[in-house]
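Trainee: This is the content of target-v5.txt (compact mmCIF, C-alpha atoms):
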```
# COMPACT_ATOMS: atom_id res chain seq x y z
CA MET A 795 -17.63 8.18 2.66
CA GLU A 796 -14.76 9.65 4.60
CA LYS A 797 -12.12 11.25 2.36
CA THR A 798 -8.74 9.83 3.35
CA TRP A 799 -5.22 9.93 1.92
CA ARG A 800 -2.32 7.53 2.03
CA TRP A 801 0.54 9.24 3.81
CA PHE A 802 4.00 7.75 4.36
CA GLY A 803 4.90 9.34 7.65
CA LYS A 804 6.85 12.29 8.97
CA LYS A 805 9.42 12.05 6.16
CA ASP A 806 6.71 12.19 3.46
CA LYS A 807 7.30 15.15 1.14
CA ILE A 808 3.54 15.78 1.23
CA LYS A 809 2.77 17.56 4.50
CA LEU A 810 -0.36 17.09 6.57
CA GLU A 811 -1.33 20.75 6.34
CA MET A 812 -1.32 20.40 2.54
CA LEU A 813 -3.81 17.57 2.87
CA ARG A 814 -6.17 19.54 5.12
CA GLN A 815 -6.17 22.33 2.57
CA ILE A 816 -7.43 20.03 -0.21
CA GLY A 817 -10.28 18.55 1.83
CA VAL A 818 -8.73 15.37 3.24
CA GLU A 819 -10.41 14.28 6.47
CA GLY A 820 -8.48 11.18 7.53
CA ILE A 821 -5.03 9.68 7.13
CA VAL A 822 -4.17 6.18 5.95
CA SER A 823 -0.73 5.25 7.21
CA ALA A 824 1.45 2.83 9.16
CA LEU A 825 4.51 2.65 11.38
CA HIS A 826 6.79 2.11 8.39
CA ASP A 827 9.99 2.21 10.44
CA ILE A 828 9.11 -0.94 12.41
CA PRO A 829 10.41 -4.12 10.71
CA ASN A 830 7.88 -6.74 9.64
CA GLY A 831 6.99 -9.11 12.44
CA GLU A 832 7.92 -6.81 15.32
CA ILE A 833 5.35 -5.48 17.80
CA TRP A 834 3.88 -2.01 17.38
CA THR A 835 4.04 -0.61 20.90
CA LEU A 836 1.21 1.43 22.34
CA GLU A 837 3.66 4.29 22.91
CA ALA A 838 4.72 4.36 19.24
CA ILE A 839 1.12 4.17 18.05
CA ASN A 840 -0.04 6.98 20.33
CA ASP A 841 2.89 9.16 19.34
CA TYR A 842 2.07 8.75 15.65
CA LYS A 843 -1.64 9.24 16.21
CA SER A 844 -1.03 12.45 18.19
CA TYR A 845 1.21 13.82 15.46
CA ILE A 846 -1.59 13.33 12.91
CA GLU A 847 -4.26 14.75 15.22
CA ASP A 848 -2.16 17.82 15.96
CA SER A 849 -2.62 18.70 12.29
CA GLY A 850 -6.40 18.53 12.59
CA LEU A 851 -6.75 15.12 10.96
CA ARG A 852 -7.34 11.63 12.27
CA TRP A 853 -5.58 8.32 11.73
CA SER A 854 -8.48 6.57 10.02
CA VAL A 855 -6.91 3.41 8.63
CA VAL A 856 -3.76 1.40 9.19
CA GLU A 857 -2.33 0.47 5.81
CA SER A 858 -0.81 -1.76 6.50
CA LEU A 859 0.11 -3.93 9.43
CA PRO A 860 2.21 -6.31 7.29
CA VAL A 861 1.67 -10.06 7.44
CA SER A 862 5.11 -11.66 7.53
CA GLU A 863 6.01 -14.12 4.78
CA SER A 864 6.41 -16.93 7.30
CA ILE A 865 2.73 -16.57 8.25
CA LYS A 866 1.78 -16.81 4.59
CA TYR A 867 3.85 -19.90 3.75
CA GLY A 868 3.43 -21.51 7.17
CA GLY A 869 6.97 -21.32 8.58
CA GLU A 870 8.09 -22.70 11.91
CA ASP A 871 7.92 -19.29 13.56
CA ARG A 872 4.47 -18.35 12.32
CA ASP A 873 2.80 -18.76 15.73
CA LEU A 874 5.27 -16.36 17.31
CA LEU A 875 4.74 -13.88 14.47
CA ILE A 876 0.96 -14.19 14.78
CA GLU A 877 1.28 -13.59 18.53
CA ASN A 878 3.24 -10.41 17.79
CA TYR A 879 0.60 -9.42 15.24
CA CYS A 880 -2.12 -9.86 17.85
CA LYS A 881 -0.23 -7.69 20.34
CA SER A 882 0.05 -4.97 17.70
CA LEU A 883 -3.69 -5.23 17.00
CA GLU A 884 -4.42 -4.99 20.72
CA ASN A 885 -2.30 -1.86 21.00
CA LEU A 886 -4.03 -0.33 17.98
CA GLY A 887 -7.37 -1.10 19.62
CA LYS A 888 -6.29 0.53 22.88
CA ALA A 889 -5.31 3.64 20.91
CA GLY A 890 -8.66 3.70 19.09
CA VAL A 891 -7.24 3.01 15.60
CA THR A 892 -9.48 0.16 14.58
CA THR A 893 -9.54 -0.26 10.77
CA VAL A 894 -6.65 -2.32 9.39
CA CYS A 895 -5.89 -2.96 5.72
CA TYR A 896 -3.53 -5.86 4.96
CA ASN A 897 -2.80 -8.32 2.18
CA PHE A 898 -2.01 -11.99 1.83
CA MET A 899 0.00 -11.81 -1.40
CA PRO A 900 3.12 -14.00 -1.47
CA VAL A 901 6.44 -12.13 -1.90
CA LEU A 902 5.17 -9.34 -4.19
CA ASP A 903 2.79 -6.71 -2.85
CA TRP A 904 1.76 -5.16 -6.16
CA ALA A 905 3.39 -5.56 -9.56
CA ARG A 906 4.02 -3.12 -12.42
CA THR A 907 6.64 -3.16 -15.17
CA ASP A 908 6.57 0.57 -16.03
CA LEU A 909 6.29 3.23 -13.35
CA TYR A 910 6.20 6.23 -15.69
CA TYR A 911 4.30 5.13 -18.79
CA PRO A 912 3.71 8.28 -20.88
CA TRP A 913 0.36 9.67 -21.96
CA GLU A 914 -0.02 12.04 -24.92
CA ASP A 915 -0.58 15.02 -22.63
CA GLY A 916 2.81 14.57 -20.95
CA SER A 917 1.56 12.95 -17.75
CA SER A 918 2.47 9.38 -16.85
CA SER A 919 1.05 6.48 -14.90
CA LEU A 920 1.72 2.92 -13.85
CA TYR A 921 1.57 0.14 -16.46
CA PHE A 922 1.75 -3.66 -16.49
CA ASP A 923 3.32 -5.11 -19.64
CA LYS A 924 2.76 -8.86 -19.69
CA ALA A 925 5.59 -9.55 -22.14
CA LYS A 926 8.06 -7.54 -20.08
CA PHE A 927 7.00 -9.39 -16.94
CA ALA A 928 7.44 -12.70 -18.77
CA TYR A 929 10.93 -11.59 -19.84
CA PHE A 930 11.71 -10.78 -16.20
CA GLU A 931 10.58 -14.25 -15.10
CA ILE A 932 12.28 -16.20 -17.87
CA HIS A 933 15.54 -14.37 -18.50
CA ILE A 934 16.29 -12.43 -15.31
CA LEU A 935 14.91 -14.68 -12.59
CA GLU A 936 15.37 -17.76 -14.78
CA ARG A 937 12.40 -19.35 -13.05
CA LYS A 938 12.12 -23.00 -14.01
CA GLY A 939 9.00 -23.71 -16.06
CA ALA A 940 8.01 -20.05 -16.38
CA GLU A 941 7.52 -20.42 -20.16
CA LYS A 942 4.53 -22.71 -19.54
CA ASP A 943 2.59 -19.81 -17.99
CA TYR A 944 2.59 -17.72 -21.19
CA SER A 945 1.05 -17.93 -24.64
CA SER A 946 3.12 -18.41 -27.79
CA GLU A 947 2.35 -14.81 -28.73
CA ILE A 948 3.78 -13.50 -25.46
CA LEU A 949 6.83 -15.77 -25.81
CA LYS A 950 7.53 -14.33 -29.27
CA LYS A 951 7.54 -10.85 -27.75
CA VAL A 952 9.87 -12.10 -25.03
CA GLU A 953 12.34 -13.24 -27.68
CA GLN A 954 12.17 -9.82 -29.30
CA LEU A 955 12.87 -8.18 -25.96
CA LYS A 956 15.81 -10.50 -25.43
CA SER A 957 17.55 -8.94 -28.41
CA THR A 958 16.43 -5.32 -27.91
CA LEU A 959 16.48 -4.54 -24.17
CA THR A 960 19.58 -2.67 -23.07
CA GLU A 961 21.35 -3.34 -19.80
CA GLU A 962 19.96 -0.09 -18.46
CA GLU A 963 16.41 -1.14 -19.41
CA LYS A 964 16.90 -4.52 -17.72
CA HIS A 965 18.05 -2.78 -14.55
CA LEU A 966 15.04 -0.46 -14.73
CA LEU A 967 12.72 -3.47 -15.09
CA ILE A 968 14.19 -5.10 -11.99
CA ASP A 969 13.88 -1.83 -10.13
CA SER A 970 10.25 -1.40 -11.20
CA ILE A 971 9.08 -4.90 -10.31
CA ILE A 972 10.90 -5.77 -7.09
CA VAL A 973 12.35 -2.57 -5.60
CA LYS A 974 10.52 0.69 -6.33
CA THR A 975 7.01 -0.70 -5.81
CA GLN A 976 7.90 -2.69 -2.70
CA GLY A 977 10.62 -1.06 -0.63
CA PHE A 978 8.74 2.03 0.52
CA VAL A 979 5.99 0.05 2.28
CA ASN A 980 7.80 -2.38 4.61
CA GLY A 981 8.83 -4.45 1.61
CA ASN A 982 11.11 -7.47 1.60
CA ILE A 983 13.62 -5.66 -0.63
CA LYS A 984 14.88 -2.12 -0.08
CA GLU A 985 16.63 0.37 -2.30
CA GLY A 986 20.35 -0.10 -1.86
CA ASP A 987 20.22 -3.87 -1.40
CA GLN A 988 23.26 -5.25 -3.19
CA ASN A 989 21.62 -8.09 -5.09
CA PRO A 990 17.83 -7.70 -5.20
CA VAL A 991 17.39 -10.52 -7.72
CA ALA A 992 19.16 -13.03 -5.45
CA ILE A 993 17.08 -11.89 -2.47
CA PHE A 994 13.93 -12.20 -4.54
CA LYS A 995 14.82 -15.73 -5.66
CA SER A 996 15.37 -16.78 -2.06
CA LEU A 997 11.93 -15.45 -1.14
CA LEU A 998 10.28 -17.32 -3.99
CA ALA A 999 11.97 -20.54 -2.85
CA LEU A 1000 10.15 -20.29 0.48
CA TYR A 1001 6.91 -21.04 -1.38
CA ASP A 1002 8.08 -24.23 -3.08
CA GLY A 1003 5.20 -26.70 -2.79
CA ILE A 1004 2.69 -24.08 -1.62
CA ASP A 1005 -0.38 -24.24 -3.86
CA LYS A 1006 -3.60 -22.24 -3.75
CA GLU A 1007 -5.30 -24.59 -1.30
CA GLN A 1008 -2.36 -24.52 1.13
CA LEU A 1009 -2.16 -20.72 0.97
CA ARG A 1010 -5.88 -20.56 1.66
CA GLN A 1011 -5.49 -22.78 4.70
CA ASN A 1012 -2.62 -20.61 5.96
CA MET A 1013 -4.82 -17.52 5.61
CA LYS A 1014 -7.64 -19.27 7.46
CA TYR A 1015 -5.24 -20.24 10.25
CA PHE A 1016 -4.09 -16.63 10.55
CA LEU A 1017 -7.62 -15.24 10.61
CA GLU A 1018 -8.82 -17.74 13.21
CA LYS A 1019 -5.93 -16.75 15.48
CA ILE A 1020 -6.50 -12.99 15.25
CA MET A 1021 -10.31 -12.86 15.36
CA PRO A 1022 -10.60 -13.07 19.19
CA ILE A 1023 -8.38 -9.97 19.51
CA CYS A 1024 -10.35 -8.22 16.77
CA GLU A 1025 -13.60 -8.96 18.61
CA GLU A 1026 -12.22 -7.74 21.94
CA TRP A 1027 -10.90 -4.45 20.55
CA ASN A 1028 -13.38 -3.95 17.70
CA ILE A 1029 -10.67 -4.18 15.02
CA GLN A 1030 -12.06 -4.23 11.48
CA MET A 1031 -9.76 -6.22 9.19
CA GLY A 1032 -9.94 -5.61 5.44
CA VAL A 1033 -7.84 -7.79 3.14
CA HIS A 1034 -6.68 -6.11 -0.06
CA PRO A 1035 -7.35 -7.97 -3.34
CA ASP A 1036 -4.34 -9.34 -5.17
CA ASP A 1037 -2.75 -6.84 -7.55
CA PRO A 1038 -2.91 -7.87 -10.32
CA PRO A 1039 -5.67 -10.42 -9.70
CA PHE A 1040 -4.01 -13.39 -11.38
CA SER A 1041 -1.11 -15.73 -10.73
CA LEU A 1042 2.42 -14.39 -11.08
CA LEU A 1043 5.82 -16.07 -10.72
CA GLY A 1044 4.18 -19.45 -10.26
CA LEU A 1045 2.78 -18.25 -6.93
CA PRO A 1046 -0.84 -18.80 -5.94
CA ARG A 1047 -3.19 -15.81 -5.60
CA ILE A 1048 -6.22 -16.19 -3.36
CA VAL A 1049 -8.09 -12.85 -3.42
CA THR A 1050 -8.72 -12.34 -7.14
CA CYS A 1051 -12.44 -12.75 -7.84
CA GLU A 1052 -15.91 -13.40 -6.45
CA GLU A 1053 -15.20 -17.07 -5.71
CA ASP A 1054 -12.06 -16.17 -3.75
CA ILE A 1055 -13.79 -13.44 -1.74
CA ASP A 1056 -16.66 -15.80 -0.92
CA TRP A 1057 -14.15 -18.37 0.25
CA PHE A 1058 -12.25 -16.26 2.78
CA LEU A 1059 -15.38 -14.54 4.12
CA ASN A 1060 -17.07 -17.90 4.67
CA ALA A 1061 -13.94 -19.72 5.87
CA VAL A 1062 -13.86 -17.43 8.92
CA ASP A 1063 -17.37 -16.04 9.03
CA ASN A 1064 -16.85 -13.20 11.46
CA PRO A 1065 -17.94 -9.58 10.92
CA HIS A 1066 -14.41 -8.45 11.80
CA ASN A 1067 -13.10 -10.44 8.81
CA GLY A 1068 -13.76 -8.06 5.94
CA LEU A 1069 -12.60 -6.71 2.60
CA THR A 1070 -10.67 -3.70 1.40
CA PHE A 1071 -12.56 -3.04 -1.82
CA CYS A 1072 -9.93 -1.93 -4.35
CA THR A 1073 -11.63 -1.06 -7.62
CA GLY A 1074 -8.27 -0.86 -9.37
CA SER A 1075 -7.01 -4.31 -8.45
CA LEU A 1076 -10.36 -5.93 -9.17
CA SER A 1077 -10.85 -4.09 -12.48
CA ALA A 1078 -7.49 -5.40 -13.77
CA GLY A 1079 -9.09 -8.85 -13.92
CA LEU A 1080 -11.44 -9.36 -16.86
CA GLN A 1081 -13.30 -11.93 -14.77
CA ASN A 1082 -14.57 -9.18 -12.46
CA ASP A 1083 -17.68 -7.02 -12.77
CA VAL A 1084 -16.64 -4.34 -10.27
CA PRO A 1085 -20.04 -2.73 -9.50
CA LYS A 1086 -21.60 -6.17 -9.11
CA LEU A 1087 -18.92 -7.09 -6.56
CA ALA A 1088 -19.38 -3.77 -4.75
CA GLN A 1089 -23.11 -4.46 -4.42
CA LYS A 1090 -22.54 -7.97 -3.15
CA TYR A 1091 -19.82 -7.16 -0.61
CA ALA A 1092 -20.79 -3.67 0.55
CA SER A 1093 -21.74 -4.88 4.01
CA ARG A 1094 -18.42 -6.73 4.47
CA THR A 1095 -16.28 -3.91 3.09
CA ARG A 1096 -14.20 -2.04 5.67
CA PHE A 1097 -12.22 0.34 3.45
CA VAL A 1098 -12.42 1.47 -0.19
CA HIS A 1099 -9.62 2.22 -2.69
CA LEU A 1100 -10.86 4.19 -5.67
CA ARG A 1101 -8.94 3.90 -8.94
CA SER A 1102 -9.54 2.28 -12.31
CA THR A 1103 -7.72 0.41 -15.07
CA ASN A 1104 -7.94 -0.19 -18.80
CA VAL A 1105 -7.15 -3.78 -19.79
CA PHE A 1106 -5.94 -4.57 -23.30
CA GLU A 1107 -6.49 -7.68 -25.41
CA ASN A 1108 -2.92 -8.90 -24.86
CA GLY A 1109 -3.34 -8.82 -21.05
CA ASP A 1110 -1.51 -5.53 -20.45
CA PHE A 1111 -3.23 -2.95 -18.27
CA ILE A 1112 -2.75 0.70 -17.40
CA GLU A 1113 -4.04 2.95 -14.63
CA ALA A 1114 -7.01 4.72 -16.19
CA HIS A 1115 -8.59 8.12 -15.66
CA HIS A 1116 -10.50 8.00 -12.37
CA LEU A 1117 -13.79 8.66 -14.16
CA GLY A 1118 -13.15 6.05 -16.86
CA GLY A 1119 -11.95 2.48 -17.30
CA ARG A 1120 -13.27 -0.82 -16.01
CA GLY A 1121 -13.53 0.33 -12.39
CA LYS A 1122 -16.77 2.22 -13.12
CA LEU A 1123 -16.22 4.40 -10.09
CA ILE A 1124 -19.41 6.43 -10.47
CA ASP A 1125 -21.49 3.25 -10.13
CA VAL A 1126 -19.33 1.99 -7.26
CA ILE A 1127 -19.59 5.27 -5.35
CA ARG A 1128 -23.35 5.25 -5.77
CA ILE A 1129 -23.47 1.74 -4.26
CA PHE A 1130 -21.28 2.50 -1.24
CA GLU A 1131 -22.91 5.86 -0.51
CA LYS A 1132 -26.21 4.04 -0.29
CA GLU A 1133 -25.17 0.76 1.37
CA ASN A 1134 -22.25 1.68 3.65
CA PRO A 1135 -21.69 5.47 3.64
CA ALA A 1136 -19.50 5.70 6.75
CA LEU A 1137 -16.62 3.86 5.10
CA PRO A 1138 -13.22 5.50 4.75
CA MET A 1139 -12.12 5.74 1.13
CA ARG A 1140 -8.92 6.93 -0.46
CA ILE A 1141 -7.84 7.87 -3.95
CA ASP A 1142 -5.25 5.45 -5.26
CA HIS A 1143 -2.48 5.66 -7.87
CA GLY A 1144 -2.81 9.12 -9.34
CA ARG A 1145 -1.01 10.19 -12.51
CA LEU A 1146 2.33 11.95 -12.34
CA LEU A 1147 1.72 15.49 -13.61
CA THR A 1148 4.38 17.93 -14.82
CA ASP A 1149 4.88 19.69 -11.50
CA ASP A 1150 5.01 16.34 -9.65
CA ILE A 1151 8.14 15.31 -11.57
CA ASP A 1152 11.40 15.36 -9.59
CA LYS A 1153 9.57 15.75 -6.28
CA GLY A 1154 10.65 12.27 -5.20
CA TYR A 1155 7.15 10.93 -4.64
CA ASN A 1156 6.64 7.19 -4.30
CA PRO A 1157 5.48 5.56 -7.57
CA GLY A 1158 1.72 6.03 -7.98
CA TYR A 1159 1.54 8.46 -5.07
CA SER A 1160 2.03 11.90 -6.60
CA PHE A 1161 0.48 14.95 -4.98
CA LEU A 1162 -1.11 16.83 -7.88
CA GLY A 1163 -2.22 13.69 -9.70
CA ARG A 1164 -4.02 12.40 -6.63
CA MET A 1165 -5.38 15.85 -5.82
CA LEU A 1166 -6.93 15.99 -9.32
CA ALA A 1167 -8.47 12.55 -8.77
CA LEU A 1168 -9.73 13.51 -5.31
CA GLY A 1169 -11.46 16.56 -6.80
CA GLN A 1170 -13.12 14.40 -9.43
CA ILE A 1171 -14.26 11.80 -6.92
CA GLU A 1172 -15.44 14.41 -4.41
CA GLY A 1173 -17.61 15.86 -7.17
CA VAL A 1174 -19.09 12.43 -7.90
CA MET A 1175 -19.77 11.87 -4.20
CA ALA A 1176 -21.53 15.23 -3.92
CA ALA A 1177 -23.67 14.49 -6.98
CA VAL A 1178 -24.60 11.03 -5.67
CA GLN A 1179 -25.46 12.40 -2.23
CA ASN A 1180 -27.61 15.05 -3.89
CA GLU A 1181 -29.39 12.37 -5.94
CA MET A 1182 -30.17 10.46 -2.77
CA LYS A 1183 -31.60 13.55 -1.04
CA ILE A 1184 -33.84 14.28 -4.02
CA ASP A 1185 -35.04 10.71 -4.24
CA THR A 1186 -35.67 10.59 -0.49
CA THR A 1187 -38.23 13.39 -0.80
CA TYR A 1188 -40.27 11.01 -2.94
CA GLY A 1189 -39.94 8.15 -0.48
CA GLU A 1190 -37.25 6.21 -2.32
CA VAL A 1191 -33.47 6.14 -2.38
CA SER A 1192 -31.95 5.00 -5.68
```
Mind converting the file's structure to structure tokens?

Mentor:
Amino acid sequence: MEKTWRWFGKKDKIKLEMLRQIGVEGIVSALHDIPNGEIWTLEAINDYKSYIEDSGLRWSVVESLPVSESIKYGGEDRDLLIENYCKSLENLGKAGVTTVCYNFMPVLDWARTDLYYPWEDGSSSLYFDKAKFAYFEIHILERKGAEKDYSSEILKKVEQLKSTLTEEEKHLLIDSIIVKTQGFVNGNIKEGDQNPVAIFKSLLALYDGIDKEQLRQNMKYFLEKIMPICEEWNIQMGVHPDDPPFSLLGLPRIVTCEEDIDWFLNAVDNPHNGLTFCTGSLSAGLQNDVPKLAQKYASRTRFVHLRSTNVFENGDFIEAHHLGGRGKLIDVIRIFEKENPALPMRIDHGRLLTDDIDKGYNPGYSFLGRMLALGQIEGVMAAVQNEMKIDTTYGEVS
């Protein structure tokens, strides 16, 4: 697989020459300065692509070309927004940047409650605390009926948090859930917005009455509209699984498990309609056997995210060591190296190590933590490739 790296543009504190030096081959990025729904011009795409190529790398994957909320909930302007999306895809195709990662998650892109959860060795990583998220829903958002979505055990913890969380901790929770994890990737809410909770509530209200079936139909509508452009310009679309892969905030989630993946692949059965296989998102759902899914969907996978999680009995989960956890990355790498070896892959959500602190990196996107993970994964890839060469001499590839 091609070794790629998520890079946040010319203002990223991690420079392209640093990435070449650690073995990165391709860049995963987007035109982050262009507001959601506006057209990516061919001039802007070519300028960005040339900047990357001048550093000896290539723009391997667009992550992401955002799908506007109105397309997801089926607003009156969705056809205009889809038309703009198609023009952006056409311009990407003309520029030769043809793999596009996107998601169809309502309002929230990915959700965590703790961005710097400490490990014993002094490093930290991302964490999802179900009780804290429930507190956010019930007592900060004051979402009607939110209590019904949680067990009595979780609700008891919520009551404890109600009496122990400080104002500073409440602010940090809001920042973690709806600002810090969203704003740096064309999010709906940006740092500096005066009232992020009010903005967030208004976004949730747009989905009143939208259930799982309606969201599915809106995704199908979107895919049917863009597939002719994808066919013309050989654009490979890969939808990212929901993160985490279960319902949040009363919103439907439609890319969480095998049944969901089967649905969207069959609903618009076109080879350009594919999957971004994120081992981290999928492993956070106890319903998912990650290697089994990798085997089943290898031929429809367009891009791979490699990370892993540990899931606890109470529903919490934490970003795991890249060689441990439920993601079973060694097995997954073995499958993709055999079934679809030309895929771009990137390391996702590295730990924050001591010398990463105070560098201003985006949450989950440290330099040293991801470099450590890349070294581990590169070693696994080399071992798997060596296995395959040895087995080939005996007439079989395992």

Trainee: Which residues of region 1022-1066 of chain A sit at most 10 Å from region 848-858 of chain A, using all atoms listed in the file? Give each one's shortest atom pair and distance in Å (one decimal place), in chain and ascending residue order, as a tab-separated table.

Mentor:
```
residue	atom	partner	partner_atom	distance
A:Gln1030	CA	A:Val855	CA	9.6
A:Met1031	CA	A:Val856	CA	9.7
A:Gly1032	CA	A:Glu857	CA	9.7
A:Val1033	CA	A:Ser858	CA	9.9
A:His1034	CA	A:Ser858	CA	9.8
```

Trainee: For a quick check of understanding, using all atoms listed in the file, which of A:Tyr944, A:Tyr1159, A:Tyr896, A:Trp1057 has the smallest distance to Pro1035 (chain A)?

Mentor: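 Result for the nearest residue to Pro1035 (chain A): A:Tyr896.
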
Trainee: Give me, please, the distance in Å between CA of Ser1075 (chain A) and CA of His1099 (chain A), quoted to one decimal.

Mentor: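 Taking CA of Ser1075 (chain A) and CA of His1099 (chain A), their separation equals 9.1 Å.
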
Trainee: Could you jot down the CA of Gln1170 (chain A) to CA of Ala824 (chain A) separation for me, Å, one decimal place?

Mentor: 26.3 Å

Trainee: From the list A:Arg1140, A:Lys924, A:Arg1128, A:His965, which residue is nearest Val952 (chain A) when using only C-alpha atoms?

Mentor: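 For Val952 (chain A), the nearest of the given residues is A:Lys924.
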
Trainee: If we count all atoms listed in the file, what is near Lys843 (chain A) at a cut-off of 9 Å, once residues fewer than 3 positions away on the same chain are taken out, given as a ChimeraX atom specification?

Mentor: /A:838-840,846-848,852-853,889,891

Trainee: From the set A:Phe1016, A:Phe994, A:Phe1130, A:Trp799, which residue has the shortest atom-to-atom contact distance to Leu902 (chain A), counting only C-alpha atoms?

Mentor: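 For Leu902 (chain A), the nearest of the given residues is A:Phe994.
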
Trainee: Please determine the residues with any atom at most 12 Å from (-13.1, -3.9, -2.8) (coordinates as given in the file, with only C-alpha atoms counting) and report them as JSON, numbers by chain.

Mentor: {"A": [895, 1032, 1033, 1034, 1035, 1036, 1037, 1049, 1050, 1051, 1052, 1055, 1068, 1069, 1070, 1071, 1072, 1073, 1074, 1075, 1076, 1077, 1082, 1083, 1084, 1085, 1086, 1087, 1088, 1089, 1090, 1091, 1092, 1093, 1094, 1095, 1096, 1097, 1098, 1099, 1100, 1101, 1102, 1121, 1123, 1126, 1127, 1129, 1130, 1137, 1139, 1140]}

Trainee: For region 869-877 of chain A, list every protein, DNA or RNA residue within 10 Å, evaluated using only C-alpha atoms, and leave out those in the same chain fewer than 4 positions away; present the list as a short mmCIF file (atom, residue, chain, number, x, y, z; two decimals) with C-alpha atoms, in the frame of the given file.

Mentor:
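Written file, around_20.cif:
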```cif
data_model
loop_
_atom_site.label_atom_id
_atom_site.label_comp_id
_atom_site.auth_asym_id
_atom_site.auth_seq_id
_atom_site.Cartn_x
_atom_site.Cartn_y
_atom_site.Cartn_z
CA ASN A 830 7.88 -6.74 9.64
CA GLY A 831 6.99 -9.11 12.44
CA GLU A 832 7.92 -6.81 15.32
CA ILE A 833 5.35 -5.48 17.80
CA VAL A 861 1.67 -10.06 7.44
CA SER A 862 5.11 -11.66 7.53
CA GLU A 863 6.01 -14.12 4.78
CA SER A 864 6.41 -16.93 7.30
CA ILE A 865 2.73 -16.57 8.25
CA LYS A 881 -0.23 -7.69 20.34
CA SER A 882 0.05 -4.97 17.70
CA LEU A 883 -3.69 -5.23 17.00
CA LEU A 1000 10.15 -20.29 0.48
CA TYR A 1001 6.91 -21.04 -1.38
CA ASN A 1012 -2.62 -20.61 5.96
CA TYR A 1015 -5.24 -20.24 10.25
CA PHE A 1016 -4.09 -16.63 10.55
CA LEU A 1017 -7.62 -15.24 10.61
CA LYS A 1019 -5.93 -16.75 15.48
CA ILE A 1020 -6.50 -12.99 15.25
#
```

Trainee: Calculate how many Å separate CA of Thr1103 (chain A) from CA of Ala1078 (chain A), rounding to one decimal.

Mentor: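 That distance, rounded to one decimal, is 6.0 Å.
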
Trainee: Would you mind listing what lies within 10 Å of Leu1009 (chain A) as a VMD selection string, with only C-alpha atoms counted and same-chain residues fewer than 3 positions away left out?

Mentor: chain A and resid 865 to 868 898 to 900 1001 1004 to 1006 1012 to 1015 1045 to 1048

Trainee: Include C-alpha atoms and write out the residues we just selected as a compact mmCIF listing (two decimals), in the frame of the given file.

Mentor:
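out_22.txt was written with the following content:
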```
# COMPACT_ATOMS: atom_id res chain seq x y z
CA ILE A 865 2.73 -16.57 8.25
CA LYS A 866 1.78 -16.81 4.59
CA TYR A 867 3.85 -19.90 3.75
CA GLY A 868 3.43 -21.51 7.17
CA PHE A 898 -2.01 -11.99 1.83
CA MET A 899 0.00 -11.81 -1.40
CA PRO A 900 3.12 -14.00 -1.47
CA TYR A 1001 6.91 -21.04 -1.38
CA ILE A 1004 2.69 -24.08 -1.62
CA ASP A 1005 -0.38 -24.24 -3.86
CA LYS A 1006 -3.60 -22.24 -3.75
CA ASN A 1012 -2.62 -20.61 5.96
CA MET A 1013 -4.82 -17.52 5.61
CA LYS A 1014 -7.64 -19.27 7.46
CA TYR A 1015 -5.24 -20.24 10.25
CA LEU A 1045 2.78 -18.25 -6.93
CA PRO A 1046 -0.84 -18.80 -5.94
CA ARG A 1047 -3.19 -15.81 -5.60
CA ILE A 1048 -6.22 -16.19 -3.36
```

Trainee: Here is a test: counting only C-alpha atoms, which residue of A:Ile1171, A:Lys804, A:Glu1018, A:Thr893 is nearest to Asn1060 (chain A)?

Mentor: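 For Asn1060 (chain A), the nearest of the candidates is A:Glu1018.
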
Trainee: Up to 7 Å from (18.0, -7.9, -13.2) in the file's coordinates: name the residues, counting all atoms listed in the file, as an MDAnalysis selection string.

Mentor: chainID A and resid 934 964:965 968 991

Trainee: Could you save those same residues with C-alpha atoms as an mmCIF file, in the frame of the given file?

Mentor:
```
data_model
loop_
_atom_site.group_PDB
_atom_site.id
_atom_site.type_symbol
_atom_site.label_atom_id
_atom_site.label_comp_id
_atom_site.auth_asym_id
_atom_site.auth_seq_id
_atom_site.Cartn_x
_atom_site.Cartn_y
_atom_site.Cartn_z
ATOM 1 C CA ILE A 934 16.290 -12.430 -15.310
ATOM 2 C CA LYS A 964 16.900 -4.520 -17.720
ATOM 3 C CA HIS A 965 18.050 -2.780 -14.550
ATOM 4 C CA ILE A 968 14.190 -5.100 -11.990
ATOM 5 C CA VAL A 991 17.390 -10.520 -7.720
#
```

Trainee: Taking the structure in the block just given, could you write region 1176-1181 of chain A with N, CA and C atoms, as a compact mmCIF listing (two decimals), in the first residue's frame?

Mentor:
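Printed below is result_17.txt as written:
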```txt
# COMPACT_ATOMS: atom_id res chain seq x y z
N ALA A 1176 6.29 -4.51 5.58
CA ALA A 1176 7.48 -5.17 5.03
C ALA A 1176 7.47 -6.66 5.36
N ALA A 1177 7.08 -7.01 6.59
CA ALA A 1177 7.04 -8.41 6.99
C ALA A 1177 5.99 -9.18 6.17
N VAL A 1178 4.83 -8.56 5.98
CA VAL A 1178 3.77 -9.21 5.20
C VAL A 1178 4.20 -9.39 3.75
N GLN A 1179 4.80 -8.36 3.18
CA GLN A 1179 5.28 -8.48 1.80
C GLN A 1179 6.34 -9.57 1.67
N ASN A 1180 7.18 -9.69 2.67
CA ASN A 1180 8.19 -10.74 2.67
C ASN A 1180 7.56 -12.12 2.76
N GLU A 1181 6.54 -12.24 3.60
CA GLU A 1181 5.79 -13.50 3.71
C GLU A 1181 5.24 -13.91 2.35
```
